[in-house]
file model-v1.cif (mmCIF, C-alpha atoms and all ligand atoms)
data_input
loop_
_atom_site.label_atom_id
_atom_site.label_comp_id
_atom_site.auth_asym_id
_atom_site.auth_seq_id
_atom_site.Cartn_x
_atom_site.Cartn_y
_atom_site.Cartn_z
CA MET A 845 0.18 31.39 -6.04
CA LYS A 846 -0.74 27.74 -5.59
CA THR A 847 1.10 25.75 -2.96
CA ILE A 848 2.95 22.66 -4.16
CA PRO A 849 1.15 19.69 -2.66
CA VAL A 850 2.43 16.89 -0.50
CA VAL A 851 1.17 13.53 -1.72
CA ILE A 852 0.60 10.97 1.03
CA LYS A 853 0.04 7.28 0.49
CA TYR A 854 -1.87 6.03 3.48
CA GLY A 855 -1.62 2.27 3.95
CA GLY A 856 -4.54 -0.02 4.52
CA HIS A 857 -2.72 -1.66 7.40
CA ALA A 858 -2.20 1.59 9.32
CA MET A 859 -5.94 2.22 8.89
CA THR A 860 -7.03 -0.90 10.72
CA VAL A 861 -6.03 0.59 14.10
CA PRO A 862 -8.65 3.25 15.00
CA GLU A 863 -6.37 5.29 17.34
CA LEU A 864 -3.69 5.41 14.63
CA SER A 865 -6.03 6.56 11.91
CA ARG A 866 -7.45 9.25 14.21
CA ALA A 867 -3.91 10.40 15.05
CA PHE A 868 -3.04 10.48 11.35
CA ALA A 869 -6.10 12.63 10.57
CA ARG A 870 -5.23 14.98 13.45
CA ASP A 871 -1.59 15.29 12.33
CA LEU A 872 -2.52 16.03 8.74
CA THR A 873 -5.19 18.49 9.83
CA ASP A 874 -2.66 20.44 11.93
CA LEU A 875 -0.22 20.53 9.02
CA ALA A 876 -2.97 21.59 6.60
CA ARG A 877 -3.93 24.43 8.98
CA GLY A 878 -0.25 25.40 8.96
CA GLY A 879 -0.57 26.08 5.23
CA ARG A 880 0.45 22.86 3.50
CA SER A 881 -1.80 21.24 0.95
CA PHE A 882 -2.19 17.50 0.86
CA ILE A 883 -3.50 14.83 -1.43
CA VAL A 884 -4.14 11.51 0.25
CA VAL A 885 -4.08 8.30 -1.78
CA HIS A 886 -5.17 5.33 0.30
CA GLY A 887 -4.79 1.57 0.12
CA GLY A 888 -7.11 -0.99 1.59
CA GLY A 889 -5.58 -4.44 1.31
CA PRO A 890 -6.83 -5.80 4.66
CA GLN A 891 -10.31 -4.32 4.08
CA ILE A 892 -10.53 -5.93 0.61
CA SER A 893 -9.36 -9.28 1.99
CA SER A 894 -12.00 -9.07 4.71
CA LEU A 895 -14.87 -8.55 2.24
CA LEU A 896 -13.52 -11.26 -0.08
CA LYS A 897 -13.46 -13.65 2.85
CA ARG A 898 -17.10 -12.86 3.66
CA LEU A 899 -17.94 -13.49 -0.02
CA ASN A 900 -15.93 -16.73 -0.03
CA ILE A 901 -13.62 -15.44 -2.77
CA GLU A 902 -10.01 -16.53 -2.42
CA SER A 903 -7.25 -13.83 -2.17
CA ARG A 904 -4.09 -14.48 -4.17
CA PHE A 905 -0.96 -12.29 -4.51
CA GLU A 906 1.94 -12.25 -6.92
CA GLN A 907 4.91 -10.04 -5.95
CA GLY A 908 2.70 -7.95 -3.68
CA LEU A 909 -0.03 -7.47 -6.32
CA ARG A 910 -3.52 -8.88 -5.88
CA VAL A 911 -4.64 -11.25 -8.61
CA THR A 912 -7.96 -9.63 -9.58
CA ASP A 913 -10.60 -11.62 -11.47
CA ASP A 914 -13.97 -9.98 -12.33
CA ALA A 915 -15.66 -10.90 -9.05
CA THR A 916 -12.64 -9.66 -7.07
CA MET A 917 -12.64 -6.39 -9.05
CA GLU A 918 -16.25 -5.74 -8.06
CA ALA A 919 -15.33 -6.20 -4.42
CA VAL A 920 -12.15 -4.10 -4.78
CA GLU A 921 -14.11 -1.16 -6.15
CA MET A 922 -16.83 -1.46 -3.51
CA VAL A 923 -14.26 -1.45 -0.74
CA LEU A 924 -11.74 1.12 -2.06
CA ALA A 925 -14.01 3.68 -3.73
CA GLY A 926 -16.82 3.06 -1.24
CA GLN A 927 -16.16 1.90 2.30
CA VAL A 928 -12.52 2.88 2.74
CA ASN A 929 -12.60 6.13 0.78
CA LYS A 930 -15.61 7.36 2.74
CA ALA A 931 -14.08 6.28 6.05
CA VAL A 932 -10.88 8.24 5.33
CA VAL A 933 -12.87 11.28 4.17
CA ALA A 934 -15.00 11.09 7.34
CA GLN A 935 -11.91 11.15 9.59
CA PHE A 936 -10.84 14.45 8.04
CA VAL A 937 -14.31 15.96 7.90
CA GLN A 938 -14.62 15.26 11.65
CA GLN A 939 -11.47 17.31 12.18
CA GLY A 940 -13.02 20.17 10.21
CA VAL A 941 -11.05 19.57 7.01
CA ARG A 942 -13.13 19.73 3.83
CA ALA A 943 -11.92 16.42 2.42
CA CYS A 944 -13.48 15.14 -0.78
CA GLY A 945 -13.21 11.58 -2.10
CA VAL A 946 -12.61 10.62 -5.71
CA CYS A 947 -11.34 7.50 -7.41
CA GLY A 948 -9.08 7.23 -10.44
CA ARG A 949 -12.13 6.80 -12.68
CA ASP A 950 -13.48 10.23 -11.70
CA ALA A 951 -12.70 12.79 -14.41
CA SER A 952 -10.17 10.29 -15.87
CA LEU A 953 -7.78 11.05 -13.03
CA LEU A 954 -5.94 7.74 -13.49
CA ARG A 955 -5.94 5.87 -16.79
CA ALA A 956 -4.45 2.41 -16.85
CA GLU A 957 -3.99 -0.63 -19.03
CA VAL A 958 -3.43 -4.30 -18.39
CA ARG A 959 0.21 -5.22 -18.93
CA ARG A 960 0.19 -8.52 -17.08
CA PRO A 961 -2.95 -10.42 -18.09
CA GLU A 962 -2.12 -13.22 -15.64
CA LEU A 963 -3.02 -10.78 -12.82
CA GLY A 964 -6.53 -10.19 -14.25
CA ASN A 965 -7.98 -6.68 -13.86
CA VAL A 966 -4.77 -5.15 -12.55
CA GLY A 967 -3.76 -1.93 -14.25
CA GLU A 968 -0.51 -0.09 -14.84
CA VAL A 969 -1.04 3.68 -14.80
CA THR A 970 -0.50 5.12 -18.29
CA LYS A 971 -1.79 8.66 -17.82
CA VAL A 972 -2.66 10.97 -14.96
CA ASP A 973 -5.05 13.85 -15.53
CA PRO A 974 -4.68 15.88 -12.34
CA ALA A 975 -7.28 18.52 -13.36
CA VAL A 976 -9.86 17.32 -10.82
CA LEU A 977 -7.25 17.44 -8.03
CA ALA A 978 -6.20 20.99 -8.96
CA CYS A 979 -9.83 22.02 -9.08
CA LEU A 980 -10.53 20.61 -5.60
CA MET A 981 -7.39 22.12 -4.09
CA ASP A 982 -8.13 25.52 -5.66
CA GLY A 983 -11.53 25.36 -4.00
CA GLY A 984 -9.96 24.61 -0.62
CA PHE A 985 -10.83 20.91 -0.59
CA MET A 986 -8.45 18.11 0.28
CA PRO A 987 -8.58 15.29 -2.30
CA VAL A 988 -8.72 11.71 -1.04
CA VAL A 989 -8.03 9.28 -3.87
CA ALA A 990 -9.05 5.62 -4.13
CA PRO A 991 -6.72 3.67 -6.43
CA VAL A 992 -9.29 2.31 -8.89
CA ALA A 993 -8.36 3.38 -12.42
CA GLU A 994 -10.12 3.83 -15.74
CA GLY A 995 -9.14 1.02 -18.07
CA PRO A 996 -9.86 0.44 -21.76
CA GLU A 997 -13.57 0.95 -22.62
CA GLY A 998 -13.99 2.67 -19.30
CA ARG A 999 -13.80 -0.51 -17.25
CA ALA A 1000 -12.44 -0.48 -13.72
CA LEU A 1001 -8.89 -1.63 -13.07
CA ASN A 1002 -7.26 -2.31 -9.73
CA VAL A 1003 -4.06 -0.31 -9.33
CA ASN A 1004 -1.66 -0.80 -6.46
CA ALA A 1005 -2.14 2.20 -4.16
CA ASP A 1006 1.60 2.89 -3.90
CA THR A 1007 1.90 2.96 -7.68
CA ALA A 1008 -1.15 5.21 -8.03
CA ALA A 1009 0.17 7.60 -5.38
CA GLY A 1010 3.60 7.73 -7.03
CA ALA A 1011 2.00 8.52 -10.39
CA VAL A 1012 0.00 11.36 -8.81
CA ALA A 1013 3.09 12.71 -7.01
CA GLY A 1014 5.00 12.66 -10.29
CA ALA A 1015 2.23 14.27 -12.35
CA LEU A 1016 1.92 17.11 -9.84
CA ALA A 1017 5.68 17.42 -9.34
CA ALA A 1018 4.84 17.21 -5.64
CA GLU A 1019 7.16 18.69 -3.06
CA TYR A 1020 7.07 15.48 -1.05
CA PHE A 1021 5.77 12.00 -1.69
CA VAL A 1022 5.38 10.17 1.61
CA LEU A 1023 4.35 6.54 1.89
CA MET A 1024 3.01 5.78 5.36
CA SER A 1025 3.24 2.08 6.14
CA ASP A 1026 3.39 -0.19 9.17
CA VAL A 1027 7.19 -0.52 9.16
CA PRO A 1028 9.84 2.12 10.08
CA GLY A 1029 11.01 2.22 6.45
CA VAL A 1030 13.06 -0.15 4.33
CA LEU A 1031 14.93 -2.63 6.53
CA ASP A 1032 17.98 -4.66 5.53
CA LYS A 1033 18.24 -8.41 6.11
CA GLN A 1034 19.33 -7.78 9.74
CA GLY A 1035 16.28 -5.58 10.26
CA VAL A 1036 18.30 -2.34 10.31
CA LEU A 1037 16.51 0.75 9.00
CA GLN A 1038 18.06 2.21 5.84
CA PRO A 1039 17.87 6.00 6.11
CA ARG A 1040 18.74 6.50 2.42
CA LEU A 1041 18.48 4.34 -0.66
CA THR A 1042 19.57 5.07 -4.20
CA ARG A 1043 18.22 3.40 -7.33
CA ALA A 1044 21.27 1.10 -7.36
CA ASP A 1045 20.73 0.13 -3.68
CA ILE A 1046 17.12 -0.67 -4.48
CA GLU A 1047 18.03 -2.86 -7.45
CA ALA A 1048 20.52 -4.75 -5.28
CA PHE A 1049 17.98 -5.18 -2.44
CA LYS A 1050 15.36 -6.46 -4.86
CA ALA A 1051 17.82 -8.87 -6.47
CA ASP A 1052 18.97 -10.39 -3.17
CA GLY A 1053 15.47 -10.66 -1.72
CA THR A 1054 15.84 -7.96 0.95
CA ILE A 1055 12.96 -5.98 -0.53
CA THR A 1056 9.97 -8.23 -1.17
CA GLY A 1057 6.17 -8.23 -1.39
CA GLY A 1058 4.42 -4.98 -0.51
CA MET A 1059 7.72 -3.08 -0.29
CA ILE A 1060 8.44 -3.58 -4.02
CA PRO A 1061 5.69 -1.27 -5.32
CA LYS A 1062 6.67 1.32 -2.68
CA VAL A 1063 10.29 1.73 -3.74
CA ASP A 1064 9.28 1.60 -7.42
CA ALA A 1065 6.63 4.27 -6.82
CA CYS A 1066 9.25 6.50 -5.16
CA LEU A 1067 11.63 6.16 -8.11
CA ASN A 1068 8.81 6.79 -10.59
CA ALA A 1069 7.69 9.93 -8.71
CA LEU A 1070 11.27 11.27 -8.60
CA ASP A 1071 11.71 10.54 -12.33
CA HIS A 1072 8.67 12.71 -13.05
CA GLY A 1073 9.78 15.72 -11.03
CA CYS A 1074 8.66 15.02 -7.48
CA ARG A 1075 11.30 16.49 -5.16
CA ARG A 1076 11.50 14.07 -2.26
CA ALA A 1077 10.22 10.55 -1.73
CA LEU A 1078 10.05 8.91 1.67
CA ILE A 1079 8.81 5.70 3.28
CA LEU A 1080 7.67 6.50 6.80
CA ASN A 1081 6.19 4.62 9.75
CA GLY A 1082 2.51 5.54 9.80
CA SER A 1083 2.02 3.84 13.14
CA GLU A 1084 4.36 6.30 14.83
CA SER A 1085 2.20 9.21 15.93
CA GLY A 1086 3.50 12.62 14.88
CA ALA A 1087 6.06 11.16 12.44
CA LEU A 1088 4.81 13.26 9.53
CA LYS A 1089 5.01 16.49 11.50
CA ARG A 1090 8.45 15.62 12.85
CA TYR A 1091 9.67 15.00 9.31
CA LEU A 1092 7.97 17.86 7.44
CA VAL A 1093 8.17 20.60 10.07
CA ASP A 1094 11.09 19.68 12.32
CA GLY A 1095 13.19 18.13 9.55
CA GLU A 1096 13.94 14.99 11.57
CA PRO A 1097 15.58 12.31 9.43
CA LEU A 1098 12.93 9.61 9.76
CA GLY A 1099 12.09 6.60 7.63
CA THR A 1100 13.80 5.79 4.35
CA ALA A 1101 14.45 8.56 1.84
CA VAL A 1102 14.67 7.28 -1.73
CA GLU A 1103 17.07 9.17 -3.94
CA ASN A 1104 17.60 9.08 -7.65
N1 LIG A 1201 13.06 -4.70 3.15
C1 LIG A 1201 11.86 -4.50 3.71
N2 LIG A 1201 11.75 -3.60 4.70
C2 LIG A 1201 10.55 -3.37 5.31
N3 LIG A 1201 9.40 -4.01 4.96
C3 LIG A 1201 9.44 -4.92 3.96
C4 LIG A 1201 10.68 -5.20 3.29
N4 LIG A 1201 10.44 -6.14 2.33
C5 LIG A 1201 9.13 -6.44 2.42
N5 LIG A 1201 8.50 -5.72 3.38
C6 LIG A 1201 7.08 -5.84 3.71
O1 LIG A 1201 6.35 -4.76 3.15
C7 LIG A 1201 5.23 -4.52 4.01
C8 LIG A 1201 4.59 -3.17 3.71
O2 LIG A 1201 3.76 -3.25 2.55
P1 LIG A 1201 2.20 -3.63 2.61
O3 LIG A 1201 1.72 -3.63 1.20
O4 LIG A 1201 2.01 -4.87 3.41
O5 LIG A 1201 1.54 -2.48 3.49
P2 LIG A 1201 0.85 -1.10 3.04
O6 LIG A 1201 1.23 -0.80 1.61
O7 LIG A 1201 1.21 -0.11 4.07
O8 LIG A 1201 -0.67 -1.39 3.13
P3 LIG A 1201 -1.71 -1.54 1.90
O9 LIG A 1201 -1.05 -2.36 0.83
O10 LIG A 1201 -2.87 -2.25 2.53
O11 LIG A 1201 -2.04 -0.16 1.47
C9 LIG A 1201 5.82 -4.64 5.39
O12 LIG A 1201 4.85 -4.90 6.37
C10 LIG A 1201 6.79 -5.81 5.21
O13 LIG A 1201 6.19 -7.02 5.53
MG MG A 1202 0.76 -2.26 -0.04
#

call {"tool": "encode", "arguments": {"input": "model-v1.cif", "output": "structure tokens"}}
result
Amino acid sequence: MKTIPVVIKYGGHAMTVPELSRAFARDLTDLARGGRSFIVVHGGGPQISSLLKRLNIESRFEQGLRVTDDATMEAVEMVLAGQVNKAVVAQFVQQGVRACGVCGRDASLLRAEVRRPELGNVGEVTKVDPAVLACLMDGGFMPVVAPVAEGPEGRALNVNADTAAGAVAGALAAEYFVLMSDVPGVLDKQGVLQPRLTRADIEAFKADGTITGGMIPKVDACLNALDHGCRRALILNGSESGALKRYLVDGEPLGTAVEN
């Protein structure tokens, strides 16, 4: 009997602090040894911005999505499928976990198309083929996914990591979809953590500007994952050591749970 996986979105911001990323790898390793299976989908916004800066290419965002011209796309793929993916894999391998990196273009894991041409090479996920993930997990490997997708004619498209992770969580009908970010969860205008949010709450928060920027793809990814059969979706503070264990094992009500 295969275990139902937990899909984790690991934010690029949480990764920039070495102690935090080591703690994250240790936490996940302990939980994996305890019998859970994980798929990690990572971001890499700060790392992409840093390379673009070195290349003198300007970074531009619209509603939390990076405007991606051809030169930016080259850099995005180098950073996400190369530098960041290998760094995340290495953290787990060091802990003795057999992590294996793939991107959405591998084995057509994530297919996407351009729906908003004004954003350039930014894709919306249209199809997930989770066969490669199942194959890795069956072999005892932990998949680490970079959110670069296969577009029309096989070209690379940049997909928001939250969206990619939500699509994977939905396609696998994951037990949990957990987005680890650098905030305690969704905060209201007074900065108060919202332990639970429904679809209607989310619509209202988006309309009145409470949820903006990088939080928009997170809440949308949670709703999308739930719509496709994922059981629970949560936005959790990745910079709080042990948060994942406290939530998954001890059942502590942390972060923001998104409900349908
Ligand atoms: N209502 C809200 N509550 C909490 N954070 C919010 C809210 N609205 C917008 N945000 C912003 O969303 C950010 C989290 O998304 P962001 O895309 O910056 O990080 P990430 O997804 O963890 O990293 P990456 O995109 O690099 O993978 C927070 O740092 C905060 O600035
Ligand atoms: Mg983000």

call {"tool": "closest_residue", "arguments": {"input": "model-v1.cif", "among": "A:Ala1000, A:Val1102, A:Gly878, A:Pro991", "to": "Ala915 of chain A", "atoms": "all atoms listed in the file"}}
result
A:Ala1000

call {"tool": "axis_aligned_box", "arguments": {"input": "model-v1.cif", "around": "ligand LIG 1201 (chain A)", "padding_each_side": "5 Å", "output": "lines of an AutoDock Vina configuration file"}}
result
center_x = 5.1
center_y = -3.6
center_z = 3.6
size_x = 25.9
size_y = 16.9
size_z = 15.5

call {"tool": "atom_distance", "arguments": {"input": "model-v1.cif", "atom1": "atom CA of Gly908 of chain A", "atom2": "atom CA of Ala1101 of chain A"}}
result
21.0 Å

call {"tool": "closest_atom_pairs", "arguments": {"input": "model-v1.cif", "of": "chain A", "to": "ligand LIG 1201 (chain A)", "cutoff": "10 Å", "atoms": "all atoms listed in the file", "output": "JSON lines"}}
result
{"residue": "A:Lys853", "atom": "CA", "partner": "A:LIG1201", "partner_atom": "O11", "distance": 7.8}
{"residue": "A:Tyr854", "atom": "CA", "partner": "A:LIG1201", "partner_atom": "O11", "distance": 6.5}
{"residue": "A:Gly855", "atom": "CA", "partner": "A:LIG1201", "partner_atom": "O11", "distance": 3.5}
{"residue": "A:Gly856", "atom": "CA", "partner": "A:LIG1201", "partner_atom": "O10", "distance": 3.4}
{"residue": "A:His857", "atom": "CA", "partner": "A:LIG1201", "partner_atom": "O8", "distance": 4.7}
{"residue": "A:Ala858", "atom": "CA", "partner": "A:LIG1201", "partner_atom": "O7", "distance": 6.5}
{"residue": "A:Met859", "atom": "CA", "partner": "A:LIG1201", "partner_atom": "O10", "distance": 8.4}
{"residue": "A:Thr860", "atom": "CA", "partner": "A:LIG1201", "partner_atom": "O10", "distance": 9.3}
{"residue": "A:Val885", "atom": "CA", "partner": "A:LIG1201", "partner_atom": "O11", "distance": 9.3}
{"residue": "A:His886", "atom": "CA", "partner": "A:LIG1201", "partner_atom": "O11", "distance": 6.4}
{"residue": "A:Gly887", "atom": "CA", "partner": "A:LIG1201", "partner_atom": "O11", "distance": 3.5}
{"residue": "A:Gly888", "atom": "CA", "partner": "A:LIG1201", "partner_atom": "O10", "distance": 4.5}
{"residue": "A:Gly889", "atom": "CA", "partner": "A:LIG1201", "partner_atom": "O10", "distance": 3.7}
{"residue": "A:Pro890", "atom": "CA", "partner": "A:LIG1201", "partner_atom": "O10", "distance": 5.7}
{"residue": "A:Gln891", "atom": "CA", "partner": "A:LIG1201", "partner_atom": "O10", "distance": 7.9}
{"residue": "A:Ile892", "atom": "CA", "partner": "A:LIG1201", "partner_atom": "O10", "distance": 8.7}
{"residue": "A:Ser893", "atom": "CA", "partner": "A:LIG1201", "partner_atom": "O10", "distance": 9.6}
{"residue": "A:Gly908", "atom": "CA", "partner": "A:LIG1201", "partner_atom": "O3", "distance": 6.6}
{"residue": "A:Leu909", "atom": "CA", "partner": "A:LIG1201", "partner_atom": "O3", "distance": 8.6}
{"residue": "A:Arg910", "atom": "CA", "partner": "A:LIG1201", "partner_atom": "O9", "distance": 9.7}
{"residue": "A:Pro991", "atom": "CA", "partner": "A:LIG1201", "partner_atom": "O11", "distance": 9.9}
{"residue": "A:Asn1004", "atom": "CA", "partner": "A:LIG1201", "partner_atom": "O9", "distance": 7.5}
{"residue": "A:Ala1005", "atom": "CA", "partner": "A:LIG1201", "partner_atom": "O11", "distance": 6.1}
{"residue": "A:Asp1006", "atom": "CA", "partner": "A:LIG1201", "partner_atom": "O6", "distance": 6.6}
{"residue": "A:Leu1023", "atom": "CA", "partner": "A:LIG1201", "partner_atom": "O7", "distance": 7.7}
{"residue": "A:Met1024", "atom": "CA", "partner": "A:LIG1201", "partner_atom": "O7", "distance": 6.3}
{"residue": "A:Ser1025", "atom": "CA", "partner": "A:LIG1201", "partner_atom": "O7", "distance": 3.6}
{"residue": "A:Asp1026", "atom": "CA", "partner": "A:LIG1201", "partner_atom": "O7", "distance": 5.5}
{"residue": "A:Val1027", "atom": "CA", "partner": "A:LIG1201", "partner_atom": "O12", "distance": 5.7}
{"residue": "A:Pro1028", "atom": "CA", "partner": "A:LIG1201", "partner_atom": "C2", "distance": 7.3}
{"residue": "A:Gly1029", "atom": "CA", "partner": "A:LIG1201", "partner_atom": "C2", "distance": 5.7}
{"residue": "A:Val1030", "atom": "CA", "partner": "A:LIG1201", "partner_atom": "N2", "distance": 3.7}
{"residue": "A:Leu1031", "atom": "CA", "partner": "A:LIG1201", "partner_atom": "N2", "distance": 3.8}
{"residue": "A:Asp1032", "atom": "CA", "partner": "A:LIG1201", "partner_atom": "N1", "distance": 5.5}
{"residue": "A:Lys1033", "atom": "CA", "partner": "A:LIG1201", "partner_atom": "N1", "distance": 7.0}
{"residue": "A:Gln1034", "atom": "CA", "partner": "A:LIG1201", "partner_atom": "N1", "distance": 9.6}
{"residue": "A:Gly1035", "atom": "CA", "partner": "A:LIG1201", "partner_atom": "N2", "distance": 7.4}
{"residue": "A:Val1036", "atom": "CA", "partner": "A:LIG1201", "partner_atom": "N2", "distance": 8.7}
{"residue": "A:Leu1037", "atom": "CA", "partner": "A:LIG1201", "partner_atom": "N2", "distance": 7.8}
{"residue": "A:Gln1038", "atom": "CA", "partner": "A:LIG1201", "partner_atom": "N2", "distance": 8.7}
{"residue": "A:Ile1046", "atom": "CA", "partner": "A:LIG1201", "partner_atom": "N1", "distance": 9.5}
{"residue": "A:Phe1049", "atom": "CA", "partner": "A:LIG1201", "partner_atom": "N1", "distance": 7.5}
{"residue": "A:Lys1050", "atom": "CA", "partner": "A:LIG1201", "partner_atom": "N1", "distance": 8.5}
{"residue": "A:Gly1053", "atom": "CA", "partner": "A:LIG1201", "partner_atom": "N4", "distance": 7.9}
{"residue": "A:Thr1054", "atom": "CA", "partner": "A:LIG1201", "partner_atom": "N1", "distance": 4.8}
{"residue": "A:Ile1055", "atom": "CA", "partner": "A:LIG1201", "partner_atom": "N4", "distance": 3.8}
{"residue": "A:Thr1056", "atom": "CA", "partner": "A:LIG1201", "partner_atom": "C5", "distance": 4.1}
{"residue": "A:Gly1057", "atom": "CA", "partner": "A:LIG1201", "partner_atom": "C5", "distance": 5.1}
{"residue": "A:Gly1058", "atom": "CA", "partner": "A:LIG1201", "partner_atom": "O3", "distance": 3.5}
{"residue": "A:Met1059", "atom": "CA", "partner": "A:LIG1201", "partner_atom": "O1", "distance": 4.1}
{"residue": "A:Ile1060", "atom": "CA", "partner": "A:LIG1201", "partner_atom": "C5", "distance": 7.1}
{"residue": "A:Pro1061", "atom": "CA", "partner": "A:LIG1201", "partner_atom": "O3", "distance": 8.0}
{"residue": "A:Lys1062", "atom": "CA", "partner": "A:LIG1201", "partner_atom": "O6", "distance": 7.2}
{"residue": "A:Val1063", "atom": "CA", "partner": "A:LIG1201", "partner_atom": "N1", "distance": 9.8}
{"residue": "A:Ile1079", "atom": "CA", "partner": "A:LIG1201", "partner_atom": "C2", "distance": 9.5}
{"residue": "A:Leu1080", "atom": "CA", "partner": "A:LIG1201", "partner_atom": "O7", "distance": 9.6}
{"residue": "A:Asn1081", "atom": "CA", "partner": "A:LIG1201", "partner_atom": "O7", "distance": 8.9}
{"residue": "A:Gly1082", "atom": "CA", "partner": "A:LIG1201", "partner_atom": "O7", "distance": 8.2}
{"residue": "A:Ser1083", "atom": "CA", "partner": "A:LIG1201", "partner_atom": "O7", "distance": 9.9}
{"residue": "A:Thr1100", "atom": "CA", "partner": "A:LIG1201", "partner_atom": "N2", "distance": 9.6}

call {"tool": "residues_around", "arguments": {"input": "model-v1.cif", "residues": "Arg1076 of chain A", "least_positions_apart": "6", "cutoff": "12 Å", "atoms": "all atoms listed in the file", "output": "PDB file with C-alpha atoms, in the coordinates of the input"}}
result
ATOM      1  CA  PRO A 849       1.150  19.690  -2.660  1.00  0.00           C
ATOM      2  CA  VAL A 850       2.430  16.890  -0.500  1.00  0.00           C
ATOM      3  CA  VAL A 851       1.170  13.530  -1.720  1.00  0.00           C
ATOM      4  CA  ILE A 852       0.600  10.970   1.030  1.00  0.00           C
ATOM      5  CA  GLY A1010       3.600   7.730  -7.030  1.00  0.00           C
ATOM      6  CA  ALA A1013       3.090  12.710  -7.010  1.00  0.00           C
ATOM      7  CA  GLY A1014       5.000  12.660 -10.290  1.00  0.00           C
ATOM      8  CA  ALA A1017       5.680  17.420  -9.340  1.00  0.00           C
ATOM      9  CA  ALA A1018       4.840  17.210  -5.640  1.00  0.00           C
ATOM     10  CA  GLU A1019       7.160  18.690  -3.060  1.00  0.00           C
ATOM     11  CA  TYR A1020       7.070  15.480  -1.050  1.00  0.00           C
ATOM     12  CA  PHE A1021       5.770  12.000  -1.690  1.00  0.00           C
ATOM     13  CA  VAL A1022       5.380  10.170   1.610  1.00  0.00           C
ATOM     14  CA  LEU A1023       4.350   6.540   1.890  1.00  0.00           C
ATOM     15  CA  ARG A1040      18.740   6.500   2.420  1.00  0.00           C
ATOM     16  CA  ALA A1065       6.630   4.270  -6.820  1.00  0.00           C
ATOM     17  CA  CYS A1066       9.250   6.500  -5.160  1.00  0.00           C
ATOM     18  CA  LEU A1067      11.630   6.160  -8.110  1.00  0.00           C
ATOM     19  CA  ASN A1068       8.810   6.790 -10.590  1.00  0.00           C
ATOM     20  CA  ALA A1069       7.690   9.930  -8.710  1.00  0.00           C
ATOM     21  CA  LEU A1070      11.270  11.270  -8.600  1.00  0.00           C
ATOM     22  CA  TYR A1091       9.670  15.000   9.310  1.00  0.00           C
ATOM     23  CA  LEU A1092       7.970  17.860   7.440  1.00  0.00           C
ATOM     24  CA  THR A1100      13.800   5.790   4.350  1.00  0.00           C
ATOM     25  CA  ALA A1101      14.450   8.560   1.840  1.00  0.00           C
ATOM     26  CA  VAL A1102      14.670   7.280  -1.730  1.00  0.00           C
ATOM     27  CA  GLU A1103      17.070   9.170  -3.940  1.00  0.00           C
ATOM     28  CA  ASN A1104      17.600   9.080  -7.650  1.00  0.00           C
TER      29      ASN A1104
END

call {"tool": "closest_residue", "arguments": {"input": "model-v1.cif", "among": "A:Ser865, A:Gln938, A:Asn1002, A:Thr873", "to": "Met986 of chain A", "atoms": "only C-alpha atoms"}}
result
A:Thr873

call {"tool": "atom_distance", "arguments": {"input": "model-v1.cif", "atom1": "atom CA of Asp913 of chain A", "atom2": "atom CA of Arg999 of chain A"}}
result
12.9 Å

call {"tool": "residues_around", "arguments": {"input": "model-v1.cif", "residues": "Glu902 of chain A", "least_positions_apart": "4", "cutoff": "10 Å", "atoms": "only C-alpha atoms", "output": "short mmCIF file (atom, residue, chain, number, x, y, z; two decimals) with C-alpha atoms, in the coordinates of the input"}}
result
data_model
loop_
_atom_site.label_atom_id
_atom_site.label_comp_id
_atom_site.auth_asym_id
_atom_site.auth_seq_id
_atom_site.Cartn_x
_atom_site.Cartn_y
_atom_site.Cartn_z
CA SER A 893 -9.36 -9.28 1.99
CA LEU A 896 -13.52 -11.26 -0.08
CA LYS A 897 -13.46 -13.65 2.85
CA VAL A 911 -4.64 -11.25 -8.61
CA THR A 916 -12.64 -9.66 -7.07
#

call {"tool": "closest_residue", "arguments": {"input": "model-v1.cif", "among": "A:Leu1041, A:Val958, A:Leu953, A:Met922", "to": "Leu1001 of chain A", "atoms": "only C-alpha atoms"}}
result
A:Val958

call {"tool": "residues_near_point", "arguments": {"input": "model-v1.cif", "point": "(-9.3, 7.7, -3.6)", "cutoff": "10 Å", "atoms": "all atoms listed in the file", "output": "PyMOL selection string"}}
result
chain A and resi 883-887+924-926+928-930+932-933+944-950+987-993+1005+1008-1009
